[in-house]
>>> print(open('upload.cif').read())   # mmCIF, C-alpha atoms
data_my_file
#
loop_
_atom_site.label_atom_id
_atom_site.label_comp_id
_atom_site.auth_asym_id
_atom_site.auth_seq_id
_atom_site.Cartn_x
_atom_site.Cartn_y
_atom_site.Cartn_z
CA MET A 273 0.00 0.00 0.00
CA ARG A 274 2.83 2.36 0.88
CA LYS A 275 4.54 1.50 -2.41
CA ILE A 276 1.38 2.42 -4.32
CA ARG A 277 1.24 5.79 -2.53
CA TYR A 278 4.86 6.46 -3.50
CA ILE A 279 4.12 5.63 -7.13
CA VAL A 280 1.07 7.92 -7.18
CA ALA A 281 3.04 10.73 -5.52
CA ALA A 282 5.89 10.31 -8.00
CA ALA A 283 3.49 10.40 -10.93
CA ALA A 284 1.86 13.54 -9.57
CA LEU A 285 5.28 15.15 -9.12
CA VAL A 286 6.29 14.35 -12.70
CA THR A 287 3.01 15.74 -14.00
CA ALA A 288 3.47 18.91 -11.96
CA LEU A 289 7.00 19.38 -13.20
CA ASN A 290 5.95 18.84 -16.82
CA THR A 291 3.13 21.32 -16.41
CA ARG A 292 5.44 23.88 -14.88
CA ALA A 293 8.04 23.38 -17.61
CA GLN A 294 5.44 23.99 -20.30
CA GLY A 295 6.45 27.55 -21.11
CA ILE A 296 6.13 29.32 -24.44
CA ASP A 297 9.02 27.34 -25.96
CA GLY A 298 7.37 24.07 -24.97
CA VAL A 299 4.10 25.20 -26.51
CA LEU A 300 5.84 26.07 -29.78
CA ARG A 301 7.52 22.66 -29.92
CA GLN A 302 4.19 20.91 -29.49
CA ILE A 303 2.46 23.03 -32.11
CA GLU A 304 5.25 22.51 -34.63
CA GLU A 305 4.76 18.77 -34.20
CA ASN A 306 0.95 18.69 -34.11
CA ASN A 307 -0.22 21.54 -36.33
CA LEU A 308 -2.33 20.12 -39.16
CA SER A 309 -1.70 22.99 -41.57
CA LEU A 310 2.06 22.56 -41.22
CA ARG A 311 1.75 18.84 -41.93
CA ALA A 312 -0.36 19.50 -45.01
CA HIS A 313 2.01 22.18 -46.28
CA SER A 314 4.99 19.88 -45.76
CA SER A 315 3.34 17.32 -48.05
CA LEU A 316 2.53 20.07 -50.55
CA THR A 317 6.17 21.19 -50.56
CA GLU A 318 7.34 17.67 -51.28
CA ALA A 319 4.81 17.29 -54.09
CA ARG A 320 5.76 20.62 -55.68
CA THR A 321 9.46 19.74 -55.50
CA LEU A 322 8.90 16.39 -57.20
CA ASP A 323 6.72 18.04 -59.83
CA ALA A 324 9.49 20.55 -60.61
CA ARG A 325 11.95 17.70 -61.15
CA THR A 326 9.65 15.78 -63.50
CA ALA A 327 9.49 18.80 -65.82
CA ASN A 328 13.01 17.95 -67.01
CA GLN A 329 12.31 14.42 -68.18
CA LEU A 330 12.51 13.15 -71.74
CA PRO A 331 9.17 12.97 -73.55
CA ASN A 332 7.69 9.52 -73.98
CA PRO A 333 8.93 7.58 -77.02
CA GLN A 334 6.53 7.23 -79.94
CA VAL A 335 5.76 3.98 -81.68
CA GLN A 336 3.52 3.67 -84.73
CA TYR A 337 2.70 0.89 -87.13
CA VAL A 338 1.13 1.29 -90.57
CA HIS A 339 -0.45 -1.66 -92.38
CA ALA A 340 -1.62 -1.10 -95.94
CA TRP A 341 -3.49 -3.26 -98.49
CA GLY A 342 -2.79 -2.92 -102.18
CA THR A 343 -5.36 -2.58 -104.94
CA PRO A 344 -5.79 -4.80 -106.86
CA ALA A 345 -5.26 -7.65 -104.41
CA GLU A 346 -2.34 -8.94 -106.42
CA ALA A 347 -0.39 -5.83 -105.38
CA GLY A 348 0.01 -7.46 -101.96
CA LYS A 349 0.36 -5.89 -98.53
CA ASN A 350 3.01 -3.83 -96.81
CA GLY A 351 3.61 -2.55 -93.33
CA GLU A 352 5.77 -0.01 -91.58
CA LEU A 353 6.91 0.17 -87.95
CA VAL A 354 8.50 3.39 -86.69
CA ALA A 355 9.83 3.92 -83.16
CA THR A 356 11.27 7.34 -82.34
CA GLN A 357 12.55 9.30 -79.37
CA SER A 358 12.73 13.09 -79.41
CA PHE A 359 14.86 15.25 -77.13
CA ASP A 360 15.84 18.86 -76.73
CA PHE A 361 19.25 20.33 -77.23
CA PRO A 362 21.39 19.25 -74.22
CA THR A 363 21.68 22.85 -73.00
CA ALA A 364 17.95 22.92 -72.34
CA TYR A 365 18.21 20.01 -69.88
CA VAL A 366 21.03 21.71 -68.02
CA ARG A 367 19.02 24.93 -67.72
CA ARG A 368 15.88 23.14 -66.56
CA SER A 369 17.83 21.11 -64.03
CA GLN A 370 19.24 24.29 -62.56
CA MET A 371 15.75 25.80 -62.45
CA ALA A 372 14.36 22.73 -60.66
CA LYS A 373 16.96 23.19 -57.90
CA MET A 374 16.04 26.87 -57.60
CA GLN A 375 12.34 26.00 -57.42
CA SER A 376 13.08 23.44 -54.71
CA SER A 377 14.81 26.16 -52.66
CA HIS A 378 11.84 28.43 -53.28
CA PHE A 379 9.36 25.81 -52.04
CA THR A 380 11.52 25.19 -48.96
CA ALA A 381 11.56 28.91 -48.15
CA ASP A 382 7.80 29.07 -48.66
CA HIS A 383 7.31 26.26 -46.15
CA ALA A 384 9.66 28.02 -43.73
CA LEU A 385 7.49 31.13 -44.01
CA VAL A 386 4.31 29.16 -43.23
CA ARG A 387 6.06 27.57 -40.25
CA GLN A 388 7.29 30.95 -39.02
CA GLN A 389 3.83 32.51 -39.30
CA THR A 390 2.22 29.59 -37.46
CA LEU A 391 4.72 29.63 -34.59
CA LEU A 392 4.63 33.42 -34.36
CA GLU A 393 0.83 33.34 -34.06
CA ALA A 394 1.15 30.73 -31.31
CA LYS A 395 3.77 32.77 -29.46
CA GLN A 396 1.66 35.92 -29.68
CA LEU A 397 -1.32 33.98 -28.38
CA CYS A 398 0.75 32.89 -25.38
CA ILE A 399 1.79 36.51 -24.80
CA ASP A 400 -1.85 37.59 -25.01
CA LEU A 401 -2.86 34.87 -22.56
CA ILE A 402 -0.32 36.05 -20.00
CA ALA A 403 -1.52 39.64 -20.38
CA LEU A 404 -5.19 38.60 -20.16
CA ARG A 405 -4.55 36.60 -16.99
CA ARG A 406 -2.75 39.54 -15.42
CA GLN A 407 -5.59 41.86 -16.45
CA LYS A 408 -8.08 39.42 -14.98
CA ALA A 409 -6.16 39.37 -11.69
CA VAL A 410 -6.48 43.16 -11.58
CA ALA A 411 -10.17 42.92 -12.54
CA ASP A 412 -10.75 40.32 -9.80
CA GLU A 413 -9.18 42.62 -7.22
CA ARG A 414 -11.23 45.52 -8.56
CA ALA A 415 -14.43 43.44 -8.27
CA GLN A 416 -13.55 42.42 -4.71
CA ASN A 417 -13.07 46.06 -3.73
CA ALA A 418 -16.35 47.00 -5.37
CA GLU A 419 -18.13 44.15 -3.58
CA ARG A 420 -16.74 45.23 -0.21
CA ILE A 421 -17.79 48.87 -0.79
CA ALA A 422 -21.24 47.75 -1.91
CA GLU A 423 -21.63 45.80 1.33
CA VAL A 424 -20.48 48.82 3.34
CA TYR A 425 -23.05 51.10 1.75
CA ALA A 426 -25.80 48.48 2.00
CA ALA A 427 -25.07 48.23 5.73
CA ARG A 428 -25.06 52.02 6.07
CA LEU A 429 -28.41 52.27 4.34
CA ASP A 430 -29.87 49.61 6.61
CA ALA A 431 -28.55 51.54 9.62
CA GLY A 432 -30.07 54.77 8.34
CA LYS A 433 -26.67 56.43 7.87
CA GLY A 434 -26.50 56.37 4.07
CA ASN A 435 -28.68 57.17 1.10
CA ILE A 436 -30.00 55.18 -1.83
CA LEU A 437 -28.00 57.16 -4.40
CA GLU A 438 -24.67 56.13 -2.88
CA LYS A 439 -25.81 52.50 -2.60
CA ASN A 440 -26.93 52.51 -6.25
CA ARG A 441 -23.59 53.94 -7.30
CA ALA A 442 -21.78 51.18 -5.39
CA ASP A 443 -24.02 48.53 -6.95
CA MET A 444 -23.38 49.88 -10.45
CA GLU A 445 -19.62 49.84 -9.88
CA LEU A 446 -19.89 46.24 -8.65
CA THR A 447 -21.91 45.18 -11.70
CA ALA A 448 -19.42 46.82 -14.08
CA ALA A 449 -16.48 45.19 -12.27
CA ARG A 450 -18.08 41.73 -12.44
CA ASN A 451 -18.88 42.18 -16.14
CA ALA A 452 -15.26 43.15 -16.81
CA VAL A 453 -14.13 39.92 -15.13
CA SER A 454 -16.57 37.88 -17.23
CA MET A 455 -15.45 39.48 -20.50
CA LEU A 456 -11.79 38.85 -19.71
CA GLN A 457 -12.58 35.21 -18.91
CA ILE A 458 -14.29 34.89 -22.31
CA GLU A 459 -11.20 36.33 -24.04
CA ILE A 460 -8.95 33.92 -22.14
CA GLU A 461 -11.04 30.94 -23.18
CA ALA A 462 -11.09 32.13 -26.80
CA ALA A 463 -7.28 32.42 -26.84
CA GLU A 464 -6.92 28.98 -25.24
CA ASN A 465 -9.27 27.48 -27.85
CA ARG A 466 -7.27 29.05 -30.68
CA LEU A 467 -4.06 27.70 -29.16
CA ARG A 468 -5.66 24.25 -29.02
CA THR A 469 -6.65 24.57 -32.68
CA LEU A 470 -3.08 25.42 -33.63
CA ASN A 471 -2.04 22.28 -31.74
CA GLY A 472 -4.11 20.14 -34.07
CA GLY A 473 -7.06 20.01 -31.67
CA ALA A 474 -5.01 18.31 -28.95
CA GLU A 475 -5.07 19.64 -25.39
CA ILE A 476 -2.17 21.88 -24.51
CA THR A 477 -1.10 23.09 -21.07
CA PHE A 478 -0.02 26.69 -20.74
CA LEU A 479 -0.61 28.33 -17.35
CA ASP A 480 2.05 31.05 -17.28
CA THR A 481 1.15 34.42 -15.76
CA GLU A 482 4.59 36.05 -16.02
CA TYR A 483 6.86 36.73 -18.98
CA ALA A 484 10.32 35.27 -19.23
CA PRO A 485 13.06 37.93 -19.35
CA LEU A 486 13.50 39.28 -22.86
CA ALA A 487 16.70 38.31 -24.63
CA ALA A 488 18.84 41.27 -25.61
CA LEU A 489 18.51 42.19 -29.27
CA MET A 490 21.54 42.46 -31.49
CA PRO A 491 22.23 45.88 -33.04
CA LEU A 492 19.91 46.88 -35.87
CA ALA A 493 22.59 46.54 -38.57
CA GLU A 494 23.40 43.00 -37.44
CA MET A 495 19.72 42.09 -37.32
CA GLU A 496 19.28 43.37 -40.88
CA ALA A 497 22.20 41.19 -41.99
CA LEU A 498 20.63 38.18 -40.25
CA TYR A 499 17.29 38.86 -41.94
CA SER A 500 18.93 39.07 -45.37
CA THR A 501 20.16 35.48 -45.06
CA THR A 502 17.46 33.76 -42.99
CA GLU A 503 14.14 35.64 -43.25
CA PRO A 504 11.83 33.36 -45.33
CA ALA A 505 9.98 36.26 -46.98
CA LEU A 506 13.27 37.69 -48.29
CA LEU A 507 14.50 34.24 -49.32
CA ILE A 508 11.30 33.74 -51.29
CA ALA A 509 11.71 37.09 -53.04
CA ALA A 510 15.39 36.33 -53.82
CA SER A 511 14.55 32.87 -55.15
CA GLN A 512 11.88 34.36 -57.40
CA VAL A 513 14.55 36.59 -58.94
CA GLU A 514 16.82 33.58 -59.54
CA ILE A 515 13.99 31.54 -61.01
CA ALA A 516 12.90 34.38 -63.29
CA GLU A 517 16.47 34.93 -64.54
CA GLN A 518 16.86 31.20 -65.09
CA ALA A 519 13.56 31.16 -66.99
CA VAL A 520 15.13 33.55 -69.50
CA LYS A 521 17.95 31.06 -70.06
CA VAL A 522 15.46 28.21 -70.41
CA GLU A 523 13.48 30.12 -73.05
CA ARG A 524 16.69 30.85 -74.93
CA ALA A 525 17.56 27.17 -74.83
CA LYS A 526 14.19 26.40 -76.40
CA THR A 527 15.27 28.33 -79.50
CA LEU A 528 17.91 25.66 -80.12
CA PRO A 529 16.98 22.72 -82.39
CA GLN A 530 15.21 19.62 -81.11
CA PHE A 531 16.29 16.20 -82.34
CA THR A 532 14.55 12.94 -83.11
CA VAL A 533 16.18 9.54 -83.54
CA GLY A 534 14.60 6.16 -84.05
CA TYR A 535 14.25 2.90 -85.89
CA LYS A 536 12.16 2.04 -88.95
CA LEU A 537 11.08 -1.35 -90.20
CA ALA A 538 9.26 -1.59 -93.56
CA HIS A 539 8.08 -4.78 -95.20
CA SER A 540 6.08 -5.76 -98.24
CA THR A 541 5.43 -9.03 -100.03
CA GLY A 542 8.74 -10.82 -100.10
CA GLN A 543 10.78 -7.79 -98.99
CA GLN A 544 11.90 -6.16 -95.73
CA PHE A 545 13.78 -2.95 -95.05
CA ASN A 546 15.48 -1.83 -91.82
CA GLY A 547 16.69 1.72 -91.23
CA ILE A 548 17.23 4.58 -88.84
CA VAL A 549 15.22 7.76 -88.38
CA VAL A 550 16.96 11.06 -87.74
CA GLY A 551 15.20 14.42 -87.56
CA MET A 552 15.74 17.98 -86.37
CA SER A 553 13.31 20.79 -85.75
CA VAL A 554 14.06 24.28 -86.98
CA PRO A 555 12.74 26.79 -84.38
CA ILE A 556 11.88 29.65 -86.71
CA PHE A 557 8.49 30.70 -85.38
CA SER A 558 8.87 30.30 -81.61
CA GLY A 559 11.07 31.49 -78.79
CA TYR A 560 11.59 35.22 -79.34
CA ARG A 561 8.38 36.46 -77.72
CA ASN A 562 8.65 33.93 -74.89
CA THR A 563 12.16 35.18 -74.14
CA ARG A 564 10.98 38.79 -74.04
CA ALA A 565 8.16 37.84 -71.66
CA ALA A 566 10.62 35.99 -69.41
CA LYS A 567 12.90 39.05 -69.32
CA ALA A 568 9.97 41.26 -68.28
CA GLN A 569 9.07 38.78 -65.53
CA ALA A 570 12.69 38.82 -64.32
CA ALA A 571 12.64 42.63 -64.14
CA TYR A 572 9.41 42.49 -62.13
CA ALA A 573 10.87 39.89 -59.72
CA GLU A 574 13.95 42.05 -59.17
CA ALA A 575 11.79 45.08 -58.37
CA GLU A 576 9.69 43.02 -55.94
CA HIS A 577 12.83 41.78 -54.20
CA LEU A 578 14.19 45.30 -53.75
CA SER A 579 10.80 46.40 -52.40
CA ALA A 580 10.73 43.49 -49.93
CA VAL A 581 14.24 44.31 -48.68
CA ASN A 582 13.30 47.96 -48.21
CA ASP A 583 10.07 47.02 -46.40
CA VAL A 584 11.96 44.75 -44.00
CA ARG A 585 14.55 47.41 -43.21
CA THR A 586 11.88 50.05 -42.62
CA SER A 587 9.80 47.68 -40.49
CA LEU A 588 12.77 46.58 -38.40
CA ALA A 589 13.84 50.17 -37.72
CA ALA A 590 10.28 51.06 -36.70
CA MET A 591 10.02 48.06 -34.35
CA TYR A 592 13.38 48.86 -32.72
CA GLU A 593 12.22 52.43 -32.14
CA ARG A 594 8.87 51.24 -30.80
CA MET A 595 10.60 48.96 -28.32
CA GLU A 596 12.58 51.89 -26.96
CA VAL A 597 9.41 53.94 -26.52
CA LEU A 598 7.59 51.06 -24.81
CA GLU A 599 10.49 50.41 -22.44
CA ARG A 600 10.54 54.08 -21.40
CA SER A 601 6.77 54.11 -20.91
CA ILE A 602 6.84 50.94 -18.80
CA ALA A 603 9.58 52.41 -16.61
CA GLU A 604 7.49 55.55 -16.12
CA TYR A 605 4.40 53.56 -15.15
CA ARG A 606 6.40 51.49 -12.67
CA GLN A 607 7.73 54.71 -11.14
CA ILE A 608 4.18 55.99 -10.74
CA GLU A 609 3.13 52.72 -9.09
CA SER A 610 6.07 52.94 -6.72
CA GLU A 611 5.17 56.51 -5.76
CA MET A 612 1.52 55.61 -5.19
CA GLY A 613 2.63 52.98 -2.66
CA ASP A 614 -0.22 51.95 -0.36
CA TYR A 615 -2.71 54.10 -2.24
CA ARG A 616 -5.53 51.53 -2.24
CA SER A 617 -5.38 51.02 1.52
CA TYR A 618 -5.48 54.78 2.07
CA LEU A 619 -8.56 55.10 -0.11
CA SER A 620 -10.26 52.19 1.67
CA ARG A 621 -9.64 53.72 5.11
CA ALA A 622 -10.79 57.13 3.89
CA ILE A 623 -14.13 55.96 2.50
CA GLU A 624 -14.88 53.70 5.44
CA ALA A 625 -14.24 56.64 7.74
CA GLY A 626 -16.50 58.84 5.61
CA GLN A 627 -13.66 61.22 4.70
CA ILE A 628 -14.30 61.01 0.95
CA SER A 629 -17.42 60.46 -1.13
CA ILE A 630 -18.11 57.30 -3.08
CA VAL A 631 -17.65 59.24 -6.31
CA ASP A 632 -14.18 60.40 -5.25
CA TYR A 633 -13.31 56.89 -4.10
CA PHE A 634 -14.15 55.13 -7.34
CA SER A 635 -12.70 57.93 -9.43
CA SER A 636 -9.37 57.81 -7.56
CA LEU A 637 -9.32 54.01 -7.52
CA SER A 638 -10.06 53.94 -11.25
CA ASN A 639 -7.03 56.14 -11.89
CA TYR A 640 -4.85 53.69 -9.96
CA TYR A 641 -6.13 50.66 -11.84
CA ASP A 642 -5.81 52.52 -15.14
CA VAL A 643 -2.09 52.84 -14.43
CA LEU A 644 -1.83 49.10 -13.70
CA GLU A 645 -3.76 48.12 -16.82
CA ALA A 646 -1.78 50.49 -19.02
CA ARG A 647 1.49 49.03 -17.76
CA ILE A 648 0.23 45.48 -18.39
CA ASP A 649 -0.83 46.43 -21.92
CA PHE A 650 2.49 48.14 -22.66
CA GLU A 651 4.38 45.09 -21.40
CA ARG A 652 2.26 42.92 -23.71
CA GLN A 653 3.05 45.20 -26.64
CA LEU A 654 6.76 45.07 -25.79
CA GLN A 655 6.66 41.26 -25.79
CA GLN A 656 4.74 41.23 -29.08
CA VAL A 657 7.19 43.53 -30.83
CA HIS A 658 10.14 41.51 -29.54
CA ALA A 659 8.44 38.32 -30.81
CA GLN A 660 7.98 39.85 -34.24
CA ILE A 661 11.61 40.94 -34.45
CA THR A 662 12.96 37.57 -33.33
CA ALA A 663 10.49 35.50 -35.40
CA VAL A 664 13.35 34.94 -37.84
CA MET A 665 14.99 32.82 -35.12
CA LEU A 666 12.00 30.54 -34.48
#
>>> encode(input="upload.cif", output="structure tokens")
Amino acid sequence: MRKIRYIVAAAALVTALNTRAQGIDGVLRQIEENNLSLRAHSSLTEARTLDARTANQLPNPQVQYVHAWGTPAEAGKNGELVATQSFDFPTAYVRRSQMAKMQSSHFTADHALVRQQTLLEAKQLCIDLIALRRQKAVADERAQNAERIAEVYAARLDAGKGNILEKNRADMELTAARNAVSMLQIEIEAAENRLRTLNGGAEITFLDTEYAPLAALMPLAEMEALYSTTEPALLIAASQVEIAEQAVKVERAKTLPQFTVGYKLAHSTGQQFNGIVVGMSVPIFSGYRNTRAAKAQAAYAEAEHLSAVNDVRTSLAAMYERMEVLERSIAEYRQIESEMGDYRSYLSRAIEAGQISIVDYFSSLSNYYDVLEARIDFERQLQQVHAQITAVML
């Protein structure tokens, strides 16, 4: 019996430790493994890569047989069997092989972008959940204060020391505080449901109420250099330039002759002929316009790549600047909280002693909670911006 209790206690301890260790990083690992969209896109990437490779295969060989009857019947019969294989100029296969490799890199970068977006959404959901839980803790405290004041004024009214207007005001504040708690609980449940959806519908444990310390960011210039080599969106834009430029070379290769080789067997009454078939196409009417179109597409891809690079640089600079502003604002709010000290207790003693009106009490208390909620929201924004900047490292 004692052994069984030890086993149960050990199992409970392991479960508790696992639950505690399930921070944001643990959530992201689970979602990367279980997310259904990522699984589907992985299969799509593999299919698109294989399809790009098959575009460089030889066409199927052609076999035809002709059987003819003579007129009159004495002319006899004859037949002809022709088997041929056509192929492009060897340069075309080299160009298409190079393009297939570029397309494979493009598809890989596209999958990396989908993965990054999925994990970033999950991370931002976790950040929102922490903020919502902290806001709910404030709302719970606010509701408890409102409930206590409502009881005080109800007791005063019963004792003939208060008036109905003050009691109604206290009741309205209590109702508003309770509704705020309910709305926050709904938002928490919605975020948890979305997180479960990202996890492929499987249950996921995330109970954090505090943020982990933010990792220091590298200087902006170094981050830009990192983005240029690892950011999936930029890799996609760069690969599109390479593919478009390679497409020009492929179209030029198509202007080279195509060849056909094969075997021919002809027979008639009492005779048989064996021979070879050799042919070559003369590309007079095709290729020029296709090459011009490919060049225009390459110019467009280059412009899109430059635009993407500029957008990333501008966005990064703006996010770095926003982080600085948020950090200063959070420090200011914390300073205000420190200066306010035991402000809530002072207000509680003052209203219970009848030194301030109920209007002044709730107005002053609202200002205090506004500072708390603003700081919580700014800390959430800081975490979100940091997550966006470091999404390239997910």
>>> atom_distance(input="upload.cif", atom1="CA of Gln627 (chain A)", atom2="CA of Gln607 (chain A)")
27.4 Å
>>> closest_residue(input="upload.cif", among="A:Ile458, A:Leu666, A:Ala415, A:Leu437", to="Thr390 (chain A)", atoms="all atoms listed in the file")
A:Leu666
>>> closest_residue(input="upload.cif", among="A:Ala394, A:Val354, A:Ala312, A:Leu507", to="Asp382 (chain A)", atoms="all atoms listed in the file")
A:Leu507
>>> residues_around(input="upload.cif", residues="region 339-341 of chain A", least_positions_apart="4", cutoff="7 Å", atoms="only C-alpha atoms", output="list in words")
Gly348, Lys349, Asn350, Gly351 and Glu352 of chain A
>>> residues_around(input="upload.cif", residues="region 395-397 of chain A", least_positions_apart="5", cutoff="10 Å", atoms="only C-alpha atoms", output="list of chain:residue names")
A:Ile296, A:Asp297, A:Val299, A:Leu300, A:Gln389, A:Thr390, A:Ile402, A:Ala403, A:Ile460, A:Ala463, A:Glu464, A:Arg466, A:Leu467, A:Arg652, A:Gln653, A:Gln655, A:Gln656, A:Val657, A:Ala659, A:Gln660, A:Ala663, A:Leu666
>>> resolve_selection(input="upload.cif", expression="the PyMOL selection byres ((chain A and resi 549-558) around 10)", output="list in words")
Val354, Ala355, Thr356, Gln357, Ser358, Phe359, Asp360, Glu523, Lys526, Thr527, Leu528, Pro529, Gln530, Phe531, Thr532, Val533, Gly534, Tyr535, Lys536, Gly547, Ile548, Gly559, Tyr560, Arg561, Asn562 and Thr563 of chain A
>>> resolve_selection(input="upload.cif", expression="the PyMOL selection byres ((chain A and resi 369) around 12)", output="count of residues only")
25
>>> residues_around(input="upload.cif", residues="Ile602 (chain A)", least_positions_apart="2", cutoff="10 Å", atoms="all atoms listed in the file", output="PyMOL selection string")
chain A and resi 597-600+604-608+646-651+654
>>> atom_distance(input="upload.cif", atom1="CA of Leu322 (chain A)", atom2="CA of His577 (chain A)")
25.9 Å
>>> resolve_selection(input="upload.cif", expression="the PyMOL selection byres ((chain A and resi 422) around 9)", output="PDB file with C-alpha atoms, keeping the file's coordinate frame")
ATOM      1  CA  ASN A 417     -13.070  46.060  -3.730  1.00  0.00           C
ATOM      2  CA  ALA A 418     -16.350  47.000  -5.370  1.00  0.00           C
ATOM      3  CA  GLU A 419     -18.130  44.150  -3.580  1.00  0.00           C
ATOM      4  CA  ARG A 420     -16.740  45.230  -0.210  1.00  0.00           C
ATOM      5  CA  ILE A 421     -17.790  48.870  -0.790  1.00  0.00           C
ATOM      6  CA  GLU A 423     -21.630  45.800   1.330  1.00  0.00           C
ATOM      7  CA  VAL A 424     -20.480  48.820   3.340  1.00  0.00           C
ATOM      8  CA  TYR A 425     -23.050  51.100   1.750  1.00  0.00           C
ATOM      9  CA  ALA A 426     -25.800  48.480   2.000  1.00  0.00           C
ATOM     10  CA  ALA A 427     -25.070  48.230   5.730  1.00  0.00           C
ATOM     11  CA  LYS A 439     -25.810  52.500  -2.600  1.00  0.00           C
ATOM     12  CA  ASN A 440     -26.930  52.510  -6.250  1.00  0.00           C
ATOM     13  CA  ARG A 441     -23.590  53.940  -7.300  1.00  0.00           C
ATOM     14  CA  ALA A 442     -21.780  51.180  -5.390  1.00  0.00           C
ATOM     15  CA  ASP A 443     -24.020  48.530  -6.950  1.00  0.00           C
ATOM     16  CA  GLU A 445     -19.620  49.840  -9.880  1.00  0.00           C
ATOM     17  CA  LEU A 446     -19.890  46.240  -8.650  1.00  0.00           C
TER      18      LEU A 446
END
>>> build_atoms(input="upload.cif", residues="region 532-544 of chain A", atoms="N, CA, C and O atoms", output="PDB file, keeping the file's coordinate frame")
ATOM      1  N   THR A 532      15.323  14.182 -83.168  1.00  0.00           N
ATOM      2  CA  THR A 532      14.550  12.940 -83.110  1.00  0.00           C
ATOM      3  C   THR A 532      15.391  11.830 -83.714  1.00  0.00           C
ATOM      4  O   THR A 532      15.974  11.986 -84.794  1.00  0.00           O
ATOM      5  N   VAL A 533      15.484  10.717 -83.025  1.00  0.00           N
ATOM      6  CA  VAL A 533      16.180   9.540 -83.540  1.00  0.00           C
ATOM      7  C   VAL A 533      15.263   8.333 -83.345  1.00  0.00           C
ATOM      8  O   VAL A 533      14.407   8.328 -82.452  1.00  0.00           O
ATOM      9  N   GLY A 534      15.454   7.325 -84.201  1.00  0.00           N
ATOM     10  CA  GLY A 534      14.600   6.160 -84.050  1.00  0.00           C
ATOM     11  C   GLY A 534      14.959   5.048 -85.028  1.00  0.00           C
ATOM     12  O   GLY A 534      15.989   5.078 -85.720  1.00  0.00           O
ATOM     13  N   TYR A 535      14.071   4.098 -85.058  1.00  0.00           N
ATOM     14  CA  TYR A 535      14.250   2.900 -85.890  1.00  0.00           C
ATOM     15  C   TYR A 535      13.016   2.716 -86.760  1.00  0.00           C
ATOM     16  O   TYR A 535      11.884   2.963 -86.315  1.00  0.00           O
ATOM     17  N   LYS A 536      13.268   2.260 -88.023  1.00  0.00           N
ATOM     18  CA  LYS A 536      12.160   2.040 -88.950  1.00  0.00           C
ATOM     19  C   LYS A 536      12.277   0.664 -89.583  1.00  0.00           C
ATOM     20  O   LYS A 536      13.340   0.267 -90.044  1.00  0.00           O
ATOM     21  N   LEU A 537      11.161  -0.035 -89.548  1.00  0.00           N
ATOM     22  CA  LEU A 537      11.080  -1.350 -90.200  1.00  0.00           C
ATOM     23  C   LEU A 537       9.940  -1.290 -91.211  1.00  0.00           C
ATOM     24  O   LEU A 537       8.799  -0.976 -90.845  1.00  0.00           O
ATOM     25  N   ALA A 538      10.271  -1.570 -92.491  1.00  0.00           N
ATOM     26  CA  ALA A 538       9.260  -1.590 -93.560  1.00  0.00           C
ATOM     27  C   ALA A 538       9.299  -2.951 -94.244  1.00  0.00           C
ATOM     28  O   ALA A 538      10.376  -3.500 -94.508  1.00  0.00           O
ATOM     29  N   HIS A 539       8.115  -3.486 -94.524  1.00  0.00           N
ATOM     30  CA  HIS A 539       8.080  -4.780 -95.200  1.00  0.00           C
ATOM     31  C   HIS A 539       6.909  -4.799 -96.187  1.00  0.00           C
ATOM     32  O   HIS A 539       5.884  -4.141 -95.988  1.00  0.00           O
ATOM     33  N   SER A 540       7.112  -5.521 -97.238  1.00  0.00           N
ATOM     34  CA  SER A 540       6.080  -5.760 -98.240  1.00  0.00           C
ATOM     35  C   SER A 540       6.228  -7.217 -98.683  1.00  0.00           C
ATOM     36  O   SER A 540       7.089  -7.944 -98.184  1.00  0.00           O
ATOM     37  N   THR A 541       5.417  -7.629 -99.613  1.00  0.00           N
ATOM     38  CA  THR A 541       5.430  -9.030-100.030  1.00  0.00           C
ATOM     39  C   THR A 541       6.817  -9.440-100.510  1.00  0.00           C
ATOM     40  O   THR A 541       7.336  -8.909-101.484  1.00  0.00           O
ATOM     41  N   GLY A 542       7.426 -10.290 -99.707  1.00  0.00           N
ATOM     42  CA  GLY A 542       8.740 -10.820-100.100  1.00  0.00           C
ATOM     43  C   GLY A 542       9.896  -9.905 -99.841  1.00  0.00           C
ATOM     44  O   GLY A 542      11.038 -10.254-100.184  1.00  0.00           O
ATOM     45  N   GLN A 543       9.688  -8.737 -99.206  1.00  0.00           N
ATOM     46  CA  GLN A 543      10.780  -7.790 -98.990  1.00  0.00           C
ATOM     47  C   GLN A 543      10.692  -7.200 -97.573  1.00  0.00           C
ATOM     48  O   GLN A 543       9.619  -7.104 -96.986  1.00  0.00           O
ATOM     49  N   GLN A 544      11.844  -6.789 -97.050  1.00  0.00           N
ATOM     50  CA  GLN A 544      11.900  -6.160 -95.730  1.00  0.00           C
ATOM     51  C   GLN A 544      13.048  -5.169 -95.704  1.00  0.00           C
ATOM     52  O   GLN A 544      14.142  -5.446 -96.200  1.00  0.00           O
TER      53      GLN A 544
END
